[in-house]
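Undergrad: Below you'll find final_10.pdb; it's PDB, C-alpha atoms and all ligand atoms.
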```pdb
ATOM      1  CA  MET S   1     -34.992 -16.940 -24.636
ATOM      2  CA  ASN S   2     -36.450 -19.243 -27.287
ATOM      3  CA  ASP S   3     -39.913 -18.001 -28.252
ATOM      4  CA  GLY S   4     -40.068 -20.200 -31.380
ATOM      5  CA  MET S   5     -39.929 -17.168 -33.686
ATOM      6  CA  PRO S   6     -37.182 -16.909 -36.319
ATOM      7  CA  ARG S   7     -34.339 -14.570 -35.483
ATOM      8  CA  VAL S   8     -32.767 -12.890 -38.465
ATOM      9  CA  VAL S   9     -28.984 -13.222 -38.338
ATOM     10  CA  THR S  10     -26.304 -11.867 -40.647
ATOM     11  CA  ILE S  11     -23.654 -14.183 -42.057
ATOM     12  CA  ARG S  12     -20.187 -13.146 -40.855
ATOM     13  CA  GLU S  13     -18.069 -15.899 -42.353
ATOM     14  CA  MET S  14     -18.394 -18.776 -44.824
ATOM     15  CA  ILE S  15     -15.740 -21.433 -44.216
ATOM     16  CA  ARG S  16     -15.283 -24.118 -46.900
ATOM     17  CA  GLU S  17     -14.653 -27.425 -45.065
ATOM     18  CA  THR S  18     -14.705 -29.830 -48.034
ATOM     19  CA  PRO S  19     -15.805 -29.550 -51.696
ATOM     20  CA  ALA S  20     -19.468 -30.071 -50.637
ATOM     21  CA  VAL S  21     -19.562 -28.821 -47.018
ATOM     22  CA  ALA S  22     -19.342 -25.291 -45.617
ATOM     23  CA  THR S  23     -19.544 -23.864 -42.108
ATOM     24  CA  ILE S  24     -21.662 -20.717 -41.874
ATOM     25  CA  ARG S  25     -20.852 -18.447 -38.950
ATOM     26  CA  PHE S  26     -23.384 -15.739 -38.044
ATOM     27  CA  ASP S  27     -23.434 -12.609 -35.887
ATOM     28  CA  HIS S  28     -25.411 -14.054 -32.971
ATOM     29  CA  ALA S  29     -24.452 -16.782 -30.461
ATOM     30  CA  PHE S  30     -27.351 -19.060 -29.482
ATOM     31  CA  ASP S  31     -27.544 -20.609 -26.029
ATOM     32  CA  SER S  32     -27.563 -24.190 -27.313
ATOM     33  CA  LEU S  33     -26.543 -27.555 -25.835
ATOM     34  CA  PRO S  34     -24.349 -29.878 -27.933
ATOM     35  CA  GLY S  35     -26.711 -31.890 -30.152
ATOM     36  CA  GLN S  36     -29.560 -29.355 -30.271
ATOM     37  CA  PHE S  37     -30.713 -28.162 -33.683
ATOM     38  CA  CYS S  38     -32.374 -25.181 -35.330
ATOM     39  CA  MET S  39     -34.695 -24.576 -38.278
ATOM     40  CA  VAL S  40     -32.873 -22.460 -40.852
ATOM     41  CA  TRP S  41     -34.969 -20.231 -43.060
ATOM     42  CA  VAL S  42     -33.365 -19.598 -46.427
ATOM     43  CA  PRO S  43     -35.234 -16.552 -47.772
ATOM     44  CA  GLY S  44     -37.387 -17.368 -50.787
ATOM     45  CA  ILE S  45     -36.404 -21.064 -50.765
ATOM     46  CA  ASP S  46     -37.299 -23.231 -47.743
ATOM     47  CA  GLU S  47     -36.793 -23.837 -44.036
ATOM     48  CA  VAL S  48     -34.611 -26.852 -43.137
ATOM     49  CA  PRO S  49     -33.285 -28.436 -39.912
ATOM     50  CA  MET S  50     -29.567 -28.123 -39.072
ATOM     51  CA  GLY S  51     -27.580 -29.079 -35.993
ATOM     52  CA  PHE S  52     -25.617 -26.306 -34.273
ATOM     53  CA  SER S  53     -21.929 -27.032 -34.871
ATOM     54  CA  GLY S  54     -21.156 -24.170 -32.451
ATOM     55  CA  ALA S  55     -23.110 -21.457 -30.631
ATOM     56  CA  ASP S  56     -22.967 -19.171 -33.675
ATOM     57  CA  GLN S  57     -22.569 -21.634 -36.541
ATOM     58  CA  ILE S  58     -24.031 -24.438 -38.646
ATOM     59  CA  THR S  59     -22.163 -26.836 -40.943
ATOM     60  CA  VAL S  60     -24.021 -27.558 -44.155
ATOM     61  CA  GLN S  61     -23.627 -30.333 -46.711
ATOM     62  CA  GLU S  62     -24.927 -29.491 -50.177
ATOM     63  CA  VAL S  63     -27.526 -32.114 -51.090
ATOM     64  CA  GLY S  64     -30.376 -30.163 -52.696
ATOM     65  CA  THR S  65     -31.995 -26.779 -53.311
ATOM     66  CA  ALA S  66     -31.986 -25.292 -49.796
ATOM     67  CA  THR S  67     -28.517 -26.489 -48.823
ATOM     68  CA  ARG S  68     -27.007 -25.310 -52.133
ATOM     69  CA  ALA S  69     -28.672 -21.923 -51.697
ATOM     70  CA  LEU S  70     -27.313 -21.707 -48.136
ATOM     71  CA  THR S  71     -23.723 -22.439 -49.092
ATOM     72  CA  SER S  72     -23.819 -19.956 -51.967
ATOM     73  CA  LEU S  73     -24.658 -17.066 -49.608
ATOM     74  CA  THR S  74     -21.905 -14.610 -48.709
ATOM     75  CA  PRO S  75     -20.960 -12.534 -45.652
ATOM     76  CA  GLY S  76     -23.528  -9.763 -45.163
ATOM     77  CA  ASP S  77     -26.469 -11.921 -46.325
ATOM     78  CA  ASN S  78     -29.287 -12.678 -43.870
ATOM     79  CA  ILE S  79     -30.929 -15.976 -42.891
ATOM     80  CA  GLY S  80     -33.534 -16.825 -40.230
ATOM     81  CA  ILE S  81     -32.824 -19.157 -37.304
ATOM     82  CA  ARG S  82     -35.574 -20.748 -35.133
ATOM     83  CA  GLY S  83     -34.365 -22.601 -32.078
ATOM     84  CA  PRO S  84     -32.434 -24.097 -30.351
ATOM     85  CA  PHE S  85     -34.780 -27.103 -30.373
ATOM     86  CA  GLY S  86     -34.602 -30.671 -29.063
ATOM     87  CA  ASN S  87     -32.731 -32.303 -26.241
ATOM     88  CA  GLY S  88     -29.017 -32.633 -27.124
ATOM     89  CA  PHE S  89     -26.493 -35.180 -25.851
ATOM     90  CA  SER S  90     -26.130 -36.022 -22.144
ATOM     91  CA  PRO S  91     -22.609 -37.437 -21.846
ATOM     92  CA  VAL S  92     -21.650 -39.162 -18.605
ATOM     93  CA  GLY S  93     -18.314 -40.748 -17.692
ATOM     94  CA  ARG S  94     -15.865 -41.705 -20.424
ATOM     95  CA  VAL S  95     -17.247 -40.661 -23.800
ATOM     96  CA  LEU S  96     -16.678 -42.140 -27.260
ATOM     97  CA  ALA S  97     -18.022 -40.145 -30.227
ATOM     98  CA  VAL S  98     -18.570 -41.656 -33.666
ATOM     99  CA  ALA S  99     -19.363 -39.482 -36.709
ATOM    100  CA  GLY S 100     -19.956 -40.249 -40.358
ATOM    101  CA  GLY S 101     -19.686 -37.387 -42.879
ATOM    102  CA  VAL S 102     -21.522 -34.207 -41.866
ATOM    103  CA  GLY S 103     -22.736 -36.118 -38.765
ATOM    104  CA  VAL S 104     -19.686 -34.583 -37.114
ATOM    105  CA  ALA S 105     -21.567 -31.223 -36.893
ATOM    106  CA  PRO S 106     -23.558 -31.789 -33.661
ATOM    107  CA  LEU S 107     -20.654 -33.709 -32.059
ATOM    108  CA  LEU S 108     -18.132 -30.918 -32.606
ATOM    109  CA  PRO S 109     -19.337 -28.768 -29.653
ATOM    110  CA  LEU S 110     -19.029 -31.811 -27.352
ATOM    111  CA  ALA S 111     -15.431 -32.369 -28.454
ATOM    112  CA  LYS S 112     -14.592 -28.644 -28.220
ATOM    113  CA  GLU S 113     -15.839 -28.457 -24.617
ATOM    114  CA  GLY S 114     -13.520 -31.397 -23.754
ATOM    115  CA  SER S 115     -16.241 -33.994 -23.079
ATOM    116  CA  VAL S 116     -15.016 -36.597 -25.606
ATOM    117  CA  ALA S 117     -12.110 -38.954 -24.820
ATOM    118  CA  THR S 118     -12.003 -40.832 -28.134
ATOM    119  CA  PHE S 119     -13.450 -39.791 -31.502
ATOM    120  CA  ILE S 120     -13.946 -41.953 -34.595
ATOM    121  CA  LEU S 121     -14.376 -39.773 -37.690
ATOM    122  CA  GLY S 122     -15.425 -41.356 -40.974
ATOM    123  CA  ALA S 123     -15.796 -40.083 -44.536
ATOM    124  CA  ARG S 124     -15.778 -41.510 -48.043
ATOM    125  CA  THR S 125     -12.374 -40.075 -48.845
ATOM    126  CA  ARG S 126      -9.623 -37.930 -47.280
ATOM    127  CA  ASP S 127     -10.942 -34.682 -48.865
ATOM    128  CA  GLU S 128     -14.333 -35.176 -47.201
ATOM    129  CA  LEU S 129     -13.051 -35.389 -43.611
ATOM    130  CA  ILE S 130     -14.504 -32.506 -41.576
ATOM    131  CA  ALA S 131     -12.796 -30.758 -38.611
ATOM    132  CA  ALA S 132     -10.089 -33.443 -38.259
ATOM    133  CA  ASP S 133      -7.506 -30.896 -36.982
ATOM    134  CA  ILE S 134      -9.778 -29.596 -34.221
ATOM    135  CA  LEU S 135     -10.734 -33.148 -33.191
ATOM    136  CA  ALA S 136      -7.092 -34.305 -33.135
ATOM    137  CA  ASP S 137      -6.288 -31.448 -30.706
ATOM    138  CA  GLN S 138      -9.161 -32.261 -28.364
ATOM    139  CA  THR S 139      -9.514 -36.073 -28.512
ATOM    140  CA  ASP S 140      -7.810 -39.374 -29.266
ATOM    141  CA  LEU S 141      -8.831 -39.246 -32.949
ATOM    142  CA  HIS S 142      -9.262 -42.359 -35.121
ATOM    143  CA  ILE S 143      -9.994 -41.786 -38.812
ATOM    144  CA  ALA S 144     -11.703 -44.134 -41.267
ATOM    145  CA  THR S 145     -12.130 -43.574 -45.004
ATOM    146  CA  ASP S 146     -14.083 -45.833 -47.344
ATOM    147  CA  ASP S 147     -11.316 -45.650 -49.966
ATOM    148  CA  GLY S 148      -8.382 -45.883 -47.542
ATOM    149  CA  THR S 149      -6.900 -42.470 -48.471
ATOM    150  CA  ALA S 150      -6.564 -41.641 -44.735
ATOM    151  CA  GLY S 151      -6.608 -43.749 -41.582
ATOM    152  CA  TYR S 152      -8.391 -47.098 -41.442
ATOM    153  CA  HIS S 153      -9.478 -48.431 -44.857
ATOM    154  CA  GLY S 154     -13.200 -49.036 -44.391
ATOM    155  CA  PHE S 155     -16.165 -47.933 -42.256
ATOM    156  CA  VAL S 156     -16.125 -46.449 -38.752
ATOM    157  CA  THR S 157     -17.505 -49.786 -37.519
ATOM    158  CA  GLY S 158     -14.242 -51.428 -38.697
ATOM    159  CA  VAL S 159     -12.341 -49.079 -36.345
ATOM    160  CA  LEU S 160     -14.763 -49.979 -33.559
ATOM    161  CA  ASP S 161     -14.131 -53.697 -34.123
ATOM    162  CA  SER S 162     -10.340 -53.532 -34.512
ATOM    163  CA  GLU S 163      -9.010 -50.520 -32.557
ATOM    164  CA  ILE S 164     -11.464 -49.721 -29.747
ATOM    165  CA  ASP S 165     -12.759 -51.486 -26.636
ATOM    166  CA  ILE S 166     -16.327 -50.177 -26.758
ATOM    167  CA  ALA S 167     -17.109 -51.642 -23.319
ATOM    168  CA  SER S 168     -14.574 -49.259 -21.748
ATOM    169  CA  PHE S 169     -16.829 -46.257 -22.543
ATOM    170  CA  ASP S 170     -19.810 -45.122 -20.467
ATOM    171  CA  THR S 171     -21.436 -43.056 -23.242
ATOM    172  CA  ILE S 172     -21.236 -43.584 -26.993
ATOM    173  CA  CYS S 173     -22.500 -40.517 -28.913
ATOM    174  CA  VAL S 174     -23.235 -41.167 -32.591
ATOM    175  CA  CYS S 175     -24.351 -39.147 -35.623
ATOM    176  CA  GLY S 176     -24.205 -40.111 -39.283
ATOM    177  CA  PRO S 177     -26.051 -42.119 -41.930
ATOM    178  CA  GLU S 178     -28.820 -44.161 -40.316
ATOM    179  CA  LEU S 179     -27.449 -47.549 -41.433
ATOM    180  CA  MET S 180     -24.090 -46.664 -39.874
ATOM    181  CA  MET S 181     -25.829 -45.751 -36.613
ATOM    182  CA  LYS S 182     -27.887 -48.975 -36.740
ATOM    183  CA  SER S 183     -24.691 -51.071 -37.092
ATOM    184  CA  ILE S 184     -23.340 -49.395 -33.957
ATOM    185  CA  LEU S 185     -26.603 -50.001 -32.074
ATOM    186  CA  ASP S 186     -26.424 -53.688 -33.119
ATOM    187  CA  ARG S 187     -22.894 -53.931 -31.669
ATOM    188  CA  LEU S 188     -24.086 -52.384 -28.390
ATOM    189  CA  ALA S 189     -27.115 -54.716 -28.314
ATOM    190  CA  LEU S 190     -24.834 -57.773 -28.616
ATOM    191  CA  ARG S 191     -23.257 -56.713 -25.300
ATOM    192  CA  ASN S 192     -26.546 -55.545 -23.684
ATOM    193  CA  MET S 193     -25.172 -51.995 -23.696
ATOM    194  CA  GLU S 194     -27.875 -50.238 -25.775
ATOM    195  CA  GLN S 195     -28.540 -47.722 -22.976
ATOM    196  CA  ARG S 196     -24.960 -46.413 -23.270
ATOM    197  CA  GLY S 197     -25.585 -45.300 -26.882
ATOM    198  CA  GLN S 198     -26.916 -41.818 -27.741
ATOM    199  CA  PHE S 199     -27.968 -41.516 -31.382
ATOM    200  CA  SER S 200     -28.737 -38.210 -33.116
ATOM    201  CA  LEU S 201     -31.458 -39.000 -35.655
ATOM    202  CA  HIS S 202     -32.299 -37.212 -38.900
ATOM    203  CA  ARG S 203     -35.946 -37.283 -39.941
ATOM    204  CA  TYR S 204     -37.951 -35.142 -42.379
ATOM    205  CA  MET S 205     -38.958 -32.063 -40.358
ATOM    206  CA  LYS S 206     -41.480 -29.346 -41.100
ATOM    207  CA  CYS S 207     -42.462 -27.578 -37.876
ATOM    208  CA  GLY S 208     -39.501 -28.514 -35.617
ATOM    209  CA  VAL S 209     -41.662 -28.256 -32.472
ATOM    210  CA  GLY S 210     -43.705 -31.476 -32.256
ATOM    211  CA  VAL S 211     -46.894 -30.313 -33.992
ATOM    212  CA  CYS S 212     -46.972 -31.608 -37.587
ATOM    213  CA  GLY S 213     -45.993 -35.281 -36.999
ATOM    214  CA  SER S 214     -43.748 -35.480 -40.070
ATOM    215  CA  CYS S 215     -40.759 -36.640 -37.970
ATOM    216  CA  SER S 216     -42.582 -39.287 -35.908
ATOM    217  CA  LEU S 217     -40.941 -42.635 -35.241
ATOM    218  CA  ASP S 218     -43.092 -45.792 -35.108
ATOM    219  CA  PRO S 219     -44.320 -47.679 -33.125
ATOM    220  CA  ASP S 220     -44.329 -45.263 -30.147
ATOM    221  CA  GLY S 221     -44.868 -42.056 -32.131
ATOM    222  CA  LEU S 222     -41.753 -40.429 -30.722
ATOM    223  CA  ARG S 223     -41.234 -37.031 -32.374
ATOM    224  CA  VAL S 224     -37.606 -36.638 -33.382
ATOM    225  CA  CYS S 225     -37.850 -32.825 -33.139
ATOM    226  CA  ARG S 226     -39.440 -32.733 -29.681
ATOM    227  CA  ASP S 227     -38.362 -36.009 -27.973
ATOM    228  CA  GLY S 228     -34.952 -36.077 -29.739
ATOM    229  CA  PRO S 229     -33.100 -35.588 -31.973
ATOM    230  CA  VAL S 230     -30.896 -37.593 -29.558
ATOM    231  CA  PHE S 231     -32.271 -40.953 -28.378
ATOM    232  CA  SER S 232     -30.677 -43.606 -26.209
ATOM    233  CA  GLY S 233     -30.189 -47.001 -27.859
ATOM    234  CA  ASP S 234     -32.819 -48.691 -25.701
ATOM    235  CA  GLN S 235     -35.414 -46.041 -26.678
ATOM    236  CA  ILE S 236     -35.095 -46.897 -30.373
ATOM    237  CA  SER S 237     -33.939 -50.529 -30.480
ATOM    238  CA  SER S 238     -37.513 -51.783 -31.103
ATOM    239  CA  SER S 239     -38.511 -48.934 -33.419
ATOM    240  CA  GLU S 240     -38.412 -48.376 -37.174
ATOM    241  CA  PHE S 241     -34.871 -46.957 -36.718
ATOM    242  CA  GLY S 242     -32.632 -48.467 -39.415
ATOM    243  CA  GLU S 243     -35.666 -49.863 -41.284
ATOM    244  CA  TYR S 244     -37.928 -47.024 -42.487
ATOM    245  CA  ALA S 245     -37.988 -43.229 -42.723
ATOM    246  CA  ARG S 246     -40.751 -40.906 -43.891
ATOM    247  CA  ASP S 247     -40.431 -38.759 -47.027
ATOM    248  CA  ALA S 248     -41.684 -35.207 -47.558
ATOM    249  CA  GLY S 249     -45.250 -36.507 -48.126
ATOM    250  CA  GLY S 250     -45.202 -38.586 -44.916
ATOM    251  CA  GLN S 251     -44.932 -41.931 -46.778
ATOM    252  CA  LYS S 252     -42.672 -44.560 -45.224
ATOM    253  CA  GLN S 253     -39.680 -45.525 -47.350
ATOM    254  CA  LYS S 254     -37.347 -48.474 -46.732
ATOM    255  CA  ILE S 255     -33.886 -47.226 -45.742
TER     256      ILE S 255
HETATM  257  C1  LIG E 301     -32.257 -32.730 -36.609
HETATM  258  C2  LIG E 301     -31.548 -32.600 -37.938
HETATM  259  C3  LIG E 301     -30.289 -32.032 -37.959
HETATM  260  C4  LIG E 301     -29.617 -31.914 -39.203
HETATM  261  N1  LIG E 301     -28.381 -31.353 -39.166
HETATM  262  C5  LIG E 301     -27.715 -31.188 -40.326
HETATM  263  C6  LIG E 301     -26.436 -30.562 -40.321
HETATM  264  O1  LIG E 301     -25.909 -30.176 -39.275
HETATM  265  N2  LIG E 301     -25.825 -30.390 -41.512
HETATM  266  C7  LIG E 301     -26.396 -30.807 -42.686
HETATM  267  O2  LIG E 301     -25.784 -30.619 -43.754
HETATM  268  N3  LIG E 301     -27.593 -31.418 -42.738
HETATM  269  C8  LIG E 301     -28.273 -31.596 -41.573
HETATM  270  N4  LIG E 301     -29.524 -32.183 -41.597
HETATM  271  C9  LIG E 301     -30.083 -32.610 -42.894
HETATM  272  C10 LIG E 301     -30.662 -31.404 -43.637
HETATM  273  O3  LIG E 301     -31.798 -30.933 -42.949
HETATM  274  C11 LIG E 301     -31.053 -31.792 -45.084
HETATM  275  O4  LIG E 301     -29.882 -32.163 -45.791
HETATM  276  C12 LIG E 301     -31.703 -30.641 -45.815
HETATM  277  O5  LIG E 301     -32.983 -30.420 -45.273
HETATM  278  C13 LIG E 301     -31.789 -30.898 -47.301
HETATM  279  O6  LIG E 301     -32.510 -29.862 -47.914
HETATM  280  P1  LIG E 301     -32.326 -29.544 -49.488
HETATM  281  O7  LIG E 301     -33.436 -28.654 -49.925
HETATM  282  O8  LIG E 301     -30.952 -29.070 -49.757
HETATM  283  O9  LIG E 301     -32.414 -30.966 -50.143
HETATM  284  P2  LIG E 301     -33.617 -31.740 -50.834
HETATM  285  O10 LIG E 301     -33.274 -31.957 -52.261
HETATM  286  O11 LIG E 301     -34.936 -31.129 -50.488
HETATM  287  O12 LIG E 301     -33.518 -33.131 -50.083
HETATM  288  C14 LIG E 301     -32.331 -33.902 -50.041
HETATM  289  C15 LIG E 301     -32.384 -34.823 -48.836
HETATM  290  O13 LIG E 301     -32.569 -34.070 -47.613
HETATM  291  C16 LIG E 301     -33.751 -34.486 -46.927
HETATM  292  N5  LIG E 301     -34.535 -33.312 -46.508
HETATM  293  C17 LIG E 301     -35.057 -32.360 -47.298
HETATM  294  N6  LIG E 301     -35.781 -31.477 -46.576
HETATM  295  C18 LIG E 301     -35.725 -31.918 -45.305
HETATM  296  C19 LIG E 301     -36.302 -31.474 -44.080
HETATM  297  N7  LIG E 301     -37.120 -30.412 -44.025
HETATM  298  N8  LIG E 301     -36.029 -32.179 -42.946
HETATM  299  C20 LIG E 301     -35.207 -33.243 -42.971
HETATM  300  N9  LIG E 301     -34.644 -33.721 -44.092
HETATM  301  C21 LIG E 301     -34.915 -33.062 -45.243
HETATM  302  C22 LIG E 301     -34.575 -35.242 -47.959
HETATM  303  O14 LIG E 301     -35.349 -36.248 -47.325
HETATM  304  C23 LIG E 301     -33.566 -35.807 -48.887
HETATM  305  O15 LIG E 301     -33.099 -37.051 -48.410
HETATM  306  C24 LIG E 301     -30.210 -32.344 -40.395
HETATM  307  C25 LIG E 301     -31.488 -32.914 -40.362
HETATM  308  C26 LIG E 301     -32.145 -33.058 -39.150
HETATM  309  C27 LIG E 301     -33.518 -33.656 -39.126
HETATM  310  S1  LIG E 302     -41.146 -31.665 -37.424
HETATM  311 FE1  LIG E 302     -43.246 -31.409 -36.953
HETATM  312  S2  LIG E 302     -43.573 -32.850 -35.371
HETATM  313 FE2  LIG E 302     -41.423 -32.931 -35.685
END
```
Would you write the structure of this file as structure tokens?
Ligand SMILES: Cc1cc2nc3c(=O)[nH]c(=O)nc-3n(C[C@H](O)[C@H](O)[C@H](O)COP(=O)(O)OP(=O)(O)OC[C@H]3O[C@@H](n4cnc5c(N)ncnc54)[C@H](O)[C@@H]3O)c2cc1C
Ligand code: FES
TA:
Amino acid sequence: MNDGMPRVVTIREMIRETPAVATIRFDHAFDSLPGQFCMVWVPGIDEVPMGFSGADQITVQEVGTATRALTSLTPGDNIGIRGPFGNGFSPVGRVLAVAGGVGVAPLLPLAKEGSVATFILGARTRDELIAADILADQTDLHIATDDGTAGYHGFVTGVLDSEIDIASFDTICVCGPELMMKSILDRLALRNMEQRGQFSLHRYMKCGVGVCGSCSLDPDGLRVCRDGPVFSGDQISSSEFGEYARDAGGQKQKI
């Protein structure tokens, strides 16, 4: 049951994925759908949103104070987990997944359950690819690196343009940097296929349950925490997606 209260869990394992990303496995399995997220309370520091990369795990990229504190914890330490929250992916038919960087986290459970036919995994360089072995076992994996050290030399959208027939997929699940996701939405829009896209958005979150408004998306006021984090392409094609995001103080910043 999710009563919205934090559950204290004990870290069982800390798995280093790349120099700046670690998977934290805890001693409790949450009943979450692929794409749902939780609010992670780091004692004495902050509470931050994280996708579930498995029922009992999150995959964290070090970008600031809370994420660095999280990845420096060790087995036996406690953190608080509120959730699962949000809607998750709803894959139908033949599924393509596209991930940039740590955006692979919420897509991993989909691939592990066998729902993804083809997966495009992107990173800046070979050392920053996350979960490539697992994805290669479960899916037809295509890799893209910005510097060409593995797979296609360039962005995931280059793989989409040169190696994949996007129209042959019924659902396209995407998570990664917002400009990457916007380029994929633009490609779907060119073929009038926006409704086939499912995009997992990242917005500044405070409450995680639709109350504070910090994650709202103009012009319809969609709350990413409550109405998302996964939106279909047609839900967001006329929104601020790819244009603006709010900062910690609620001010809109150009992306
Ligand atoms: C639904 C959702 C799922 C996410 N899933 C993952 C995941 O699986 N793995 C992962 O590594 N990261 C994930 N993130 C991003 C993660 O929440 C931020 O990287 C983290 O909050 C940064 O905190 P910090 O204190 O380390 O960094 P800071 O130095 O505070 O900030 C660095 C960056 O993170 C953003 N950020 C800071 N606090 C928040 C917040 N409360 N909400 C949203 N963004 C914030 C800032 O806008 C800034 O761009 C997710 C975000 C959302 C909204
Ligand atoms: S984080 Fe408060 S409304 Fe979404």
Undergrad: Could you spell out the hits of the PyMOL selection byres (((chain S and resi 16) around 12) and not hetatm) on the shown file, as a PDB file with C-alpha atoms, keeping the file's coordinate frame?
TA:
```pdb
ATOM      1  CA  GLU S  13     -18.069 -15.899 -42.353  1.00  0.00           C
ATOM      2  CA  MET S  14     -18.394 -18.776 -44.824  1.00  0.00           C
ATOM      3  CA  ILE S  15     -15.740 -21.433 -44.216  1.00  0.00           C
ATOM      4  CA  GLU S  17     -14.653 -27.425 -45.065  1.00  0.00           C
ATOM      5  CA  THR S  18     -14.705 -29.830 -48.034  1.00  0.00           C
ATOM      6  CA  PRO S  19     -15.805 -29.550 -51.696  1.00  0.00           C
ATOM      7  CA  ALA S  20     -19.468 -30.071 -50.637  1.00  0.00           C
ATOM      8  CA  VAL S  21     -19.562 -28.821 -47.018  1.00  0.00           C
ATOM      9  CA  ALA S  22     -19.342 -25.291 -45.617  1.00  0.00           C
ATOM     10  CA  THR S  23     -19.544 -23.864 -42.108  1.00  0.00           C
ATOM     11  CA  ILE S  24     -21.662 -20.717 -41.874  1.00  0.00           C
ATOM     12  CA  ARG S  25     -20.852 -18.447 -38.950  1.00  0.00           C
ATOM     13  CA  THR S  59     -22.163 -26.836 -40.943  1.00  0.00           C
ATOM     14  CA  VAL S  60     -24.021 -27.558 -44.155  1.00  0.00           C
ATOM     15  CA  GLN S  61     -23.627 -30.333 -46.711  1.00  0.00           C
ATOM     16  CA  GLU S  62     -24.927 -29.491 -50.177  1.00  0.00           C
ATOM     17  CA  THR S  71     -23.723 -22.439 -49.092  1.00  0.00           C
ATOM     18  CA  SER S  72     -23.819 -19.956 -51.967  1.00  0.00           C
ATOM     19  CA  THR S  74     -21.905 -14.610 -48.709  1.00  0.00           C
ATOM     20  CA  ASP S 127     -10.942 -34.682 -48.865  1.00  0.00           C
ATOM     21  CA  GLU S 128     -14.333 -35.176 -47.201  1.00  0.00           C
ATOM     22  CA  LEU S 129     -13.051 -35.389 -43.611  1.00  0.00           C
ATOM     23  CA  ILE S 130     -14.504 -32.506 -41.576  1.00  0.00           C
ATOM     24  CA  ALA S 131     -12.796 -30.758 -38.611  1.00  0.00           C
TER      25      ALA S 131
END
```
Undergrad: Which residues are near ligand LIG 301 (chain E) in this structure, taking near to mean any atom at most 6 Å from a ligand atom and counting only C-alpha atoms and all ligand atoms? Format them as a list in words.
TA: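 Sorted by chain and then by number, the residues are Phe37, Val48, Pro49, Met50, Gly51, Thr59, Val60, Gln61, Val63, Gly64, Thr65, Ala66, Thr67, Arg68, Val102, Ala105, His202, Arg203, Tyr204, Met205, Lys206, Pro229 and Asp247 of chain S.
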Undergrad: Got a sec: who's within 8 Å of S:Leu135, counting all atoms listed in the file, leaving out chain neighbours fewer than 4 positions off, as a list of chain:residue names?
TA: S:Leu108, S:Ala111, S:Lys112, S:Phe119, S:Ala131, S:Thr139, S:Asp140, S:Leu141
Undergrad: Apply the PyMOL selection byres (((not hetatm)) within 8 of (chain E and resi 302)) to the file shown and report the selected residues as a PyMOL selection string.
TA: chain S and resi 204-216+223-226
Undergrad: So which one's closest to S:Val116, S:Gly93, S:Pro177, S:Gly35, S:Gly100? Using only C-alpha atoms, please.
TA: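 Smallest distance to S:Val116 is found for S:Gly93.
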Undergrad: Taking the file as shown, what set of residues would the PyMOL selection byres (((chain S and resi 231-237) around 8) and not hetatm) give back, as JSON, numbers by chain?
TA: {"S": [185, 194, 195, 196, 197, 198, 199, 200, 201, 227, 228, 229, 230, 238, 239, 240, 241]}
Undergrad: Give me the residues near S:His153 as a list in words, where near means some atom within 10 Å (using all atoms listed in the file) and where sequence neighbours in that chain fewer than 6 positions away do not count.
TA: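 Neighbouring residues, sequence-local ones excluded: Arg124, Thr125, Ile143, Ala144, Thr145, Asp146, Asp147 and Val159 of chain S.
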Undergrad: Rank S:Pro91, S:Glu113, S:Ala245, S:His142 by their smallest atom-to-atom distance to S:Ser162, using only C-alpha atoms, and report the top residue only.
TA: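 Ranking S:Pro91, S:Glu113, S:Ala245, S:His142 by distance to S:Ser162, first place goes to S:His142.
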Undergrad: Hey, which of S:Ser115, S:Thr157, S:Asn192, S:Thr10 ends up closest to S:Val98? Count all atoms listed in the file.
TA: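 Looking only at the distances to S:Val98, the closest residue turns out to be S:Thr157.
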Undergrad: One decimal, Å: what's the distance from atom CA of S:Gly176 over to atom CA of S:Lys254, could you say?
TA: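 Calculated distance between atom CA of S:Gly176 and atom CA of S:Lys254 is 17.3 Å.
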Undergrad: Could you work out how far atom CA of S:Gly83 lies from atom CA of S:Gly4, giving the answer in Å with one decimal?
TA: 6.2 Å
